[in-house]
Amino acid sequence: RSLRGGDVAELRLDPAELLRKVPFFEDTPAEEFDKAAAKLRQRTLSAGEAIISQGDRGNTLYLIARGVVRVSRTVNGEEHNLATLMAGDFFGEMSLIDDEPRSAHVIAMENSNLLVLLRDDFQRCLEDNPRMALGLLRALTKRLRLADSKIGGLVLLDVTGRVARLLLEMADENDGVVISRKVTHHQIAQMIGSSRETVSRTMRTLAEENLIEVAGKTITVRDREAMESTAGLR
Ligand code: CMP
């Protein structure tokens with residue numbers, strides 16, 4: 001649920017409590033956990049506000065205490081979505097780790113509450129705390145797996161396969177059946193590297209073949225098995 005404008009600035013929560021929502025601090029011993037929590041600043045963002053711009057230099061890691069952000073990249077002047085991150089996720093770590101410019105844009109999709117950790121504190125946390133470093137590696141590995149699977153999908157699947165895979169991924173964000181996120185055909189086209197016309201045609205075919213149902217703005221997966229095989233997952 002989105003916060004109403006105004007609520008977001010007033011929300012002042014206990015950093016330690018917020019930090020508990022972030023999985024990579026999960027195994028951190030209490031003493032180290034408290035030390036990290038004490039270093040965090042809070043930052044609030046309104047829906048639509050940009051927080052990171054691709055190409056900028058960066059000195060901060062962000063943890064999402066509540067809200068949703070979108071990670072995107074500009075390629076040939078067009079913006080493409082890479083990921084949607086929510087409470088418990090983090091971002092901005094890449095520039096802190098390799099000292100290269102920010103790899104992507106990050107924009108708040110809802111009013112969001114972030115926790116901010118500065119470069120030196122981040123590095124000290126990792127040096128002092130191997131479990132935290134392992135938690136970070138685990139999270140980054142998961143991201144790389146997702147990215148690999150996306151690349152595999154883009155290279156190996158035709159447009160129908162890519163659409164089917166994306167729809168399954170979005171259904172899995174919810175209950176595996178109904179896609180609760182509202183996406184336009186134009187956005188789907190951007191995400192899979194195709195055109196809006198092709199996506200519209202593909203969605204129509206999937207619906208005619210009863211793999212999905214489209215009612216107004218709601219898309220429902222009707223035949224999971226057939227969708228998975230179209231998406232190259234079976
Ligand atoms: P950084 O490069 O510092 O700034 C942009 C951030 O976006 C980056 O760190 C990551 O935290 C995040 N990011 C980049 N690519 C992805 C991706 N494929 N999935 C999730 N997050 C990403």
# chains A, B, ... in the order shown; residues from 1 in each chain; ligands from 1

$ residues_near_ligand --ligand "ligand 1" --cutoff "6 Å" --atoms "only C-alpha atoms and all ligand atoms" --output "NGL selection string"
:A and (71 or 82-83 or 91-95 or 102-105 or 143 or 147)

$ select_by_dssp --residues "range 147-199 of chain A" --states "helix (DSSP H, G or I)" --output "PyMOL selection string"
chain A and resi 147-156+159-172+185-192+196-199

$ write_last_selection --atoms "N, CA, C and O atoms" --output "compact mmCIF listing (two decimals), in the first residue's frame"
# COMPACT_ATOMS: atom_id res chain seq x y z
N ALA A 147 19.79 -12.31 -13.31
CA ALA A 147 20.25 -11.63 -14.53
C ALA A 147 20.62 -12.67 -15.59
O ALA A 147 20.28 -12.51 -16.76
N ASP A 148 21.29 -13.75 -15.18
CA ASP A 148 21.65 -14.82 -16.13
C ASP A 148 20.41 -15.42 -16.76
O ASP A 148 20.36 -15.67 -17.96
N SER A 149 19.41 -15.64 -15.92
CA SER A 149 18.20 -16.26 -16.46
C SER A 149 17.51 -15.31 -17.43
O SER A 149 16.96 -15.72 -18.45
N LYS A 150 17.58 -14.00 -17.10
CA LYS A 150 17.00 -13.02 -18.02
C LYS A 150 17.76 -12.98 -19.34
O LYS A 150 17.15 -12.94 -20.41
N ILE A 151 19.09 -12.99 -19.27
CA ILE A 151 19.89 -12.97 -20.50
C ILE A 151 19.58 -14.22 -21.32
O ILE A 151 19.36 -14.16 -22.53
N GLY A 152 19.54 -15.38 -20.64
CA GLY A 152 19.21 -16.62 -21.32
C GLY A 152 17.89 -16.48 -22.05
O GLY A 152 17.75 -16.86 -23.22
N GLY A 153 16.92 -15.90 -21.35
CA GLY A 153 15.59 -15.73 -21.95
C GLY A 153 15.64 -14.82 -23.17
O GLY A 153 15.05 -15.11 -24.19
N LEU A 154 16.41 -13.73 -23.06
CA LEU A 154 16.47 -12.77 -24.17
C LEU A 154 17.15 -13.37 -25.39
O LEU A 154 16.74 -13.16 -26.52
N VAL A 155 18.21 -14.17 -25.13
CA VAL A 155 18.98 -14.69 -26.25
C VAL A 155 18.29 -15.88 -26.90
O VAL A 155 18.24 -16.01 -28.11
N LEU A 156 17.75 -16.75 -26.04
CA LEU A 156 17.31 -18.04 -26.57
C LEU A 156 15.84 -18.11 -26.94
O LEU A 156 15.44 -18.94 -27.74
N VAL A 159 9.89 -14.00 -29.11
CA VAL A 159 9.13 -12.98 -28.36
C VAL A 159 8.02 -13.64 -27.51
O VAL A 159 7.82 -13.27 -26.35
N THR A 160 7.34 -14.64 -28.06
CA THR A 160 6.28 -15.28 -27.30
C THR A 160 6.85 -15.89 -26.01
O THR A 160 6.27 -15.75 -24.93
N GLY A 161 7.99 -16.53 -26.14
CA GLY A 161 8.65 -17.12 -24.97
C GLY A 161 9.02 -16.08 -23.94
O GLY A 161 8.85 -16.25 -22.74
N ARG A 162 9.53 -14.93 -24.45
CA ARG A 162 9.95 -13.86 -23.53
C ARG A 162 8.75 -13.26 -22.82
O ARG A 162 8.79 -12.99 -21.61
N VAL A 163 7.66 -13.07 -23.56
CA VAL A 163 6.45 -12.52 -22.93
C VAL A 163 5.94 -13.50 -21.88
O VAL A 163 5.63 -13.12 -20.75
N ALA A 164 5.90 -14.79 -22.24
CA ALA A 164 5.39 -15.81 -21.31
C ALA A 164 6.24 -15.83 -20.04
O ALA A 164 5.73 -15.87 -18.93
N ARG A 165 7.56 -15.76 -20.22
CA ARG A 165 8.43 -15.82 -19.04
C ARG A 165 8.22 -14.60 -18.14
O ARG A 165 8.12 -14.72 -16.92
N LEU A 166 8.12 -13.43 -18.77
CA LEU A 166 7.92 -12.21 -17.98
C LEU A 166 6.58 -12.26 -17.23
O LEU A 166 6.51 -11.91 -16.04
N LEU A 167 5.53 -12.72 -17.90
CA LEU A 167 4.22 -12.79 -17.25
C LEU A 167 4.27 -13.76 -16.06
O LEU A 167 3.71 -13.47 -14.99
N LEU A 168 4.97 -14.88 -16.24
CA LEU A 168 5.09 -15.83 -15.13
C LEU A 168 5.85 -15.20 -13.96
O LEU A 168 5.47 -15.34 -12.80
N GLU A 169 6.92 -14.48 -14.29
CA GLU A 169 7.71 -13.82 -13.23
C GLU A 169 6.84 -12.82 -12.47
O GLU A 169 6.89 -12.74 -11.24
N MET A 170 6.01 -12.07 -13.21
CA MET A 170 5.18 -11.06 -12.55
C MET A 170 4.06 -11.73 -11.74
O MET A 170 3.70 -11.27 -10.67
N ALA A 171 3.53 -12.85 -12.26
CA ALA A 171 2.50 -13.58 -11.50
C ALA A 171 3.11 -14.12 -10.21
O ALA A 171 2.47 -14.13 -9.15
N ASP A 172 4.39 -14.54 -10.29
CA ASP A 172 5.06 -15.10 -9.11
C ASP A 172 5.35 -14.05 -8.05
O ASP A 172 5.61 -14.38 -6.89
N HIS A 185 1.48 -2.61 -22.41
CA HIS A 185 2.19 -3.38 -23.43
C HIS A 185 3.50 -2.69 -23.80
O HIS A 185 4.50 -3.34 -24.09
N HIS A 186 3.49 -1.37 -23.75
CA HIS A 186 4.71 -0.62 -24.03
C HIS A 186 5.80 -0.97 -23.00
O HIS A 186 6.96 -1.22 -23.37
N GLN A 187 5.41 -1.04 -21.72
CA GLN A 187 6.41 -1.38 -20.68
C GLN A 187 6.91 -2.82 -20.86
O GLN A 187 8.11 -3.08 -20.70
N ILE A 188 5.99 -3.73 -21.18
CA ILE A 188 6.40 -5.13 -21.40
C ILE A 188 7.40 -5.17 -22.56
O ILE A 188 8.44 -5.83 -22.48
N ALA A 189 7.09 -4.42 -23.62
CA ALA A 189 7.99 -4.40 -24.79
C ALA A 189 9.38 -3.92 -24.38
O ALA A 189 10.40 -4.49 -24.79
N GLN A 190 9.43 -2.89 -23.55
CA GLN A 190 10.73 -2.37 -23.10
C GLN A 190 11.49 -3.42 -22.30
O GLN A 190 12.68 -3.56 -22.41
N MET A 191 10.73 -4.14 -21.46
CA MET A 191 11.41 -5.11 -20.58
C MET A 191 11.98 -6.28 -21.36
O MET A 191 12.97 -6.87 -20.97
N ILE A 192 11.33 -6.68 -22.45
CA ILE A 192 11.82 -7.87 -23.18
C ILE A 192 12.52 -7.50 -24.49
O ILE A 192 12.91 -8.39 -25.24
N ARG A 196 5.81 -2.49 -29.02
CA ARG A 196 4.49 -2.57 -28.40
C ARG A 196 3.53 -3.37 -29.27
O ARG A 196 2.76 -4.19 -28.77
N GLU A 197 3.63 -3.17 -30.58
CA GLU A 197 2.72 -3.87 -31.50
C GLU A 197 2.91 -5.39 -31.38
O GLU A 197 1.93 -6.14 -31.30
N THR A 198 4.16 -5.82 -31.37
CA THR A 198 4.44 -7.26 -31.29
C THR A 198 3.92 -7.83 -29.97
O THR A 198 3.35 -8.92 -29.92
N VAL A 199 4.13 -7.06 -28.89
CA VAL A 199 3.66 -7.54 -27.58
C VAL A 199 2.14 -7.66 -27.59
O VAL A 199 1.58 -8.66 -27.13

$ closest_residue --among "A:Asn59, A:Ser194, A:Thr202, A:Gln42" --to "Leu118 in chain A" --atoms "only C-alpha atoms"
A:Asn59

$ closest_residue --among "A:Ala207, A:Ala38, A:Ala87, A:Ile51" --to "Cys125 in chain A" --atoms "only C-alpha atoms"
A:Ala38

$ closest_residue --among "A:Thr28, A:Arg201, A:Gly216, A:Asn113" --to "Leu126 in chain A" --atoms "only C-alpha atoms"
A:Thr28

$ atom_distance --atom1 "CA of Ala16 in chain A" --atom2 "CA of Leu146 in chain A"
29.2 Å

$ closest_residue --among "A:Asp27, A:Glu208, A:Glu78, A:Glu225" --to "Leu136 in chain A" --atoms "only C-alpha atoms"
A:Asp27
